[in-house]
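A quick write-up on the structure given underneath.
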Amino acid sequence: MYYIMECPILTTAAGEAVMEIHNTFRLAGIRLWQNNRPIPPEKKQNIPDPIEIDFDVFRGYEGPPSEFEDLGIPVMSDRLYQVLVSCGVDNLEVFPAVLKNTSTQQKYKYYAYKIYDVVPLMNLRESEYETYRNTGPATIHKFVADESRTRGLLMFRMAESITDIVVHESVKKAIEAAGIDTVEFIKPEDFTSI
């Protein structure tokens with residue numbers, strides 16, 4: 001079984017955001033980290049070691065940054081990365097990063113990452129979706145997965161929604177067993193996308 005892995009935005013009880021990671025800038029001329037193309041060597045050599053990314057906190061928040069964020073330059077915490085590696089995820093390329101709280105100057109060890117597998121997971125005949133200019137599913141109302149396409153991968157991006165990350169049940173269990181409770185796992189049949 002596979003799950004869509006998400007990291008909810010950190011908010012107050014009233015639903016107000018409590019932090020913002022400044023990872024939307026272009027780095028070393030790399031514009032798109034979410035595709036499955038390797039980073040060219042001439043760009044890779046210009047990636048700083050470590051990548052330094054600031055984050056702001058609001059409304060009195062004093063905790064760590066989000067476990068992972070998959071917009072702009074995707075970043076994940078060191079502890080999440082260690083769990084992924086320990087359970088056999090081997091299709092990630094990572095770059096050391098430091099996330100710095102602009103208020104306290106506290107730093108956190110993170111990784112910028114690139115996932116190199118993209119899988120068309122949706123069973124198009126059984127799912128319900130709308131397309132935009134014949135480019136494929138744009139709005140997904142009912143998602144039916146075709147797990148025969150996964151090739152046994154433990155982690156990949158979903159071709160129908162490239163910013164969504166899918167993990168095998170064994171990865172989900174390893175993350176939960178490590179005590180990481182800041183990540184959510186959605187069954188494909190419960191997944192919708194607009």
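To be explicit about the labels: the chains of the structure tokens are called A, B, and onward in the order shown, and within each one the residues are counted from 1, while ligands get numbers from 1 in the order they are shown.
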
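The residue set within 6 Å of Leu154 in chain A, counting only C-alpha atoms and dropping same-chain residues fewer than 4 places from it, reads Val89, Val167 and His168 of chain A.
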
**Message:** Taking 3 positions as the minimum chain separation for residues in the same chain, which residues sit within 12 Å of Glu16 in chain A when counting only C-alpha atoms? Answer as a PyMOL selection string.
**Reply:** chain A and resi 9-13+19-20+57-61

Those same residues - C-alpha atoms - I'd like them written as a JSON list (two decimals), in the first residue's frame.
[["chain", "number", "residue", "atom", "x", "y", "z"],
["A", 9, "ILE", "CA", 1.46, 24.12, 7.53],
["A", 10, "LEU", "CA", 2.18, 24.98, 11.16],
["A", 11, "THR", "CA", -0.68, 27.12, 12.44],
["A", 12, "THR", "CA", -2.26, 28.47, 15.60],
["A", 13, "ALA", "CA", -5.52, 26.99, 16.88],
["A", 19, "MET", "CA", 6.24, 30.45, 10.28],
["A", 20, "GLU", "CA", 7.48, 31.01, 6.75],
["A", 57, "VAL", "CA", 8.24, 32.98, 12.99],
["A", 58, "PHE", "CA", 4.97, 34.69, 13.91],
["A", 59, "ARG", "CA", 2.49, 34.79, 16.78],
["A", 60, "GLY", "CA", 4.96, 33.66, 19.43],
["A", 61, "TYR", "CA", 5.95, 30.37, 17.78]]

**helix (DSSP H, G or I) per DSSP on the backbone: members of range 58-121 of chain A, as a ChimeraX atom specification** = /A:78-86

Keeping only C-alpha atoms, take the residues you just selected and write them out as a compact mmCIF listing (two decimals), in the first residue's frame.
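Saved to result.txt:
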# COMPACT_ATOMS: atom_id res chain seq x y z
CA ASP A 78 17.84 15.73 9.28
CA ARG A 79 15.76 13.33 11.37
CA LEU A 80 13.32 12.68 8.51
CA TYR A 81 16.21 12.14 6.09
CA GLN A 82 17.88 9.66 8.47
CA VAL A 83 14.67 7.61 8.72
CA LEU A 84 14.23 7.55 4.93
CA VAL A 85 17.80 6.30 4.43
CA SER A 86 17.49 3.72 7.23

**Request:** For Met5 in chain A, please output as a VMD selection string all residues within 6 Å (counting only C-alpha atoms; exclusion window: fewer than 6 positions along the same chain).
**Result:** chain A and resid 165 to 166 184 to 185

Save out the residues we just selected, C-alpha atoms, as an mmCIF file, in the first residue's frame.
data_model
loop_
_atom_site.group_PDB
_atom_site.id
_atom_site.type_symbol
_atom_site.label_atom_id
_atom_site.label_comp_id
_atom_site.auth_asym_id
_atom_site.auth_seq_id
_atom_site.Cartn_x
_atom_site.Cartn_y
_atom_site.Cartn_z
ATOM 1 C CA ILE A 165 5.240 12.729 -2.634
ATOM 2 C CA VAL A 166 4.171 9.102 -2.337
ATOM 3 C CA GLU A 184 0.523 13.141 7.600
ATOM 4 C CA PHE A 185 -0.189 10.173 5.368
#

**Request:** Within range 9-174 of chain A, find each residue whose DSSP state, derived from the backbone, is strand (DSSP E), and express the selection as an MDAnalysis selection string.
**Result:** chainID A and resid 19:21 51:57 68:69 75:77 92:101 107:115 118:119 128:131 137:142 155:158 161:168

Give me a file of those residues, with C-alpha atoms, as a JSON list (two decimals), in the first residue's frame.
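Result file follows (out.json):
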[["chain", "number", "residue", "atom", "x", "y", "z"],
["A", 19, "MET", "CA", 6.24, 30.45, 10.28],
["A", 20, "GLU", "CA", 7.48, 31.01, 6.75],
["A", 21, "ILE", "CA", 10.53, 29.36, 5.19],
["A", 51, "ILE", "CA", 22.66, 25.96, 1.66],
["A", 52, "GLU", "CA", 21.53, 28.67, 4.07],
["A", 53, "ILE", "CA", 17.81, 29.36, 4.26],
["A", 54, "ASP", "CA", 16.13, 31.77, 6.68],
["A", 55, "PHE", "CA", 12.71, 31.32, 8.22],
["A", 56, "ASP", "CA", 10.51, 33.80, 10.06],
["A", 57, "VAL", "CA", 8.24, 32.98, 12.99],
["A", 68, "PHE", "CA", 9.66, 19.16, 5.24],
["A", 69, "GLU", "CA", 8.52, 21.67, 2.67],
["A", 75, "VAL", "CA", 13.89, 20.87, 2.28],
["A", 76, "MET", "CA", 13.56, 18.13, 4.91],
["A", 77, "SER", "CA", 14.79, 17.79, 8.47],
["A", 92, "LEU", "CA", 17.08, 10.92, -3.23],
["A", 93, "GLU", "CA", 19.88, 13.35, -3.89],
["A", 94, "VAL", "CA", 20.48, 15.64, -0.94],
["A", 95, "PHE", "CA", 22.49, 18.77, -0.27],
["A", 96, "PRO", "CA", 23.33, 19.93, 3.28],
["A", 97, "ALA", "CA", 21.26, 22.90, 4.37],
["A", 98, "VAL", "CA", 20.86, 25.05, 7.46],
["A", 99, "LEU", "CA", 17.54, 26.67, 8.32],
["A", 100, "LYS", "CA", 17.97, 29.75, 10.51],
["A", 101, "ASN", "CA", 15.31, 31.39, 12.65],
["A", 107, "LYS", "CA", 19.99, 26.97, 13.32],
["A", 108, "TYR", "CA", 18.60, 23.59, 12.32],
["A", 109, "LYS", "CA", 20.25, 20.87, 10.26],
["A", 110, "TYR", "CA", 18.22, 20.17, 7.10],
["A", 111, "TYR", "CA", 18.75, 18.91, 3.58],
["A", 112, "ALA", "CA", 17.66, 20.28, 0.24],
["A", 113, "TYR", "CA", 16.52, 17.28, -1.76],
["A", 114, "LYS", "CA", 15.63, 16.00, -5.19],
["A", 115, "ILE", "CA", 13.58, 12.83, -5.74],
["A", 118, "VAL", "CA", 8.14, 10.18, -10.99],
["A", 119, "VAL", "CA", 5.36, 7.60, -11.36],
["A", 128, "GLU", "CA", -12.61, 11.08, -11.46],
["A", 129, "TYR", "CA", -10.80, 14.22, -12.53],
["A", 130, "GLU", "CA", -10.91, 17.30, -14.73],
["A", 131, "THR", "CA", -8.21, 18.29, -17.19],
["A", 137, "PRO", "CA", -5.44, 15.64, -14.43],
["A", 138, "ALA", "CA", -5.68, 19.16, -13.02],
["A", 139, "THR", "CA", -8.44, 18.71, -10.47],
["A", 140, "ILE", "CA", -8.75, 15.29, -8.86],
["A", 141, "HIS", "CA", -12.09, 14.40, -7.27],
["A", 142, "LYS", "CA", -11.66, 10.64, -6.85],
["A", 155, "MET", "CA", 9.31, 6.91, -2.43],
["A", 156, "PHE", "CA", 8.48, 8.89, -5.57],
["A", 157, "ARG", "CA", 6.69, 11.91, -6.96],
["A", 158, "MET", "CA", 3.26, 11.41, -8.45],
["A", 161, "SER", "CA", 0.56, 16.04, -9.16],
["A", 162, "ILE", "CA", 4.33, 16.54, -9.24],
["A", 163, "THR", "CA", 4.44, 18.34, -5.90],
["A", 164, "ASP", "CA", 2.94, 15.34, -4.12],
["A", 165, "ILE", "CA", 5.24, 12.73, -2.63],
["A", 166, "VAL", "CA", 4.17, 9.10, -2.34],
["A", 167, "VAL", "CA", 5.72, 6.62, 0.09],
["A", 168, "HIS", "CA", 5.36, 2.89, 0.61]]

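Nearest to Ile39 in chain A of all the residues A:Gly15, A:Ser103, A:Cys7, A:Tyr116 is A:Tyr116, counting only C-alpha atoms.
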
**Prompt:** Could you name the residues that touch Pro188 in chain A at 10 Å or less, counting only C-alpha atoms, but leaving out those on the same chain fewer than 6 positions away, as a PyMOL selection string?
**Reply:** chain A and resi 1-4+121-122+142-146+166

**Message:** Which residues are near Gly72 in chain A? Cut-off 8 Å, only C-alpha atoms, ignore same chain within fewer than 6 positions. Put them as an NGL selection string.
**Reply:** :A and (23-26 or 32-33)

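Note that the spacing between CA of Ala159 in chain A and CA of Pro74 in chain A amounts to 16.9 Å.
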
**Asked** Looking at A:Glu126, A:Glu6, A:Asp90, A:Glu176, which one is nearest to Leu153 in chain A, with distances taken over only C-alpha atoms?
**Response** A:Asp90

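For the residues A:Leu71, A:Glu147, A:Gln34, A:Leu27, ranking by smallest atom-to-atom distance to Pro48 in chain A using only C-alpha atoms places A:Leu27 first.
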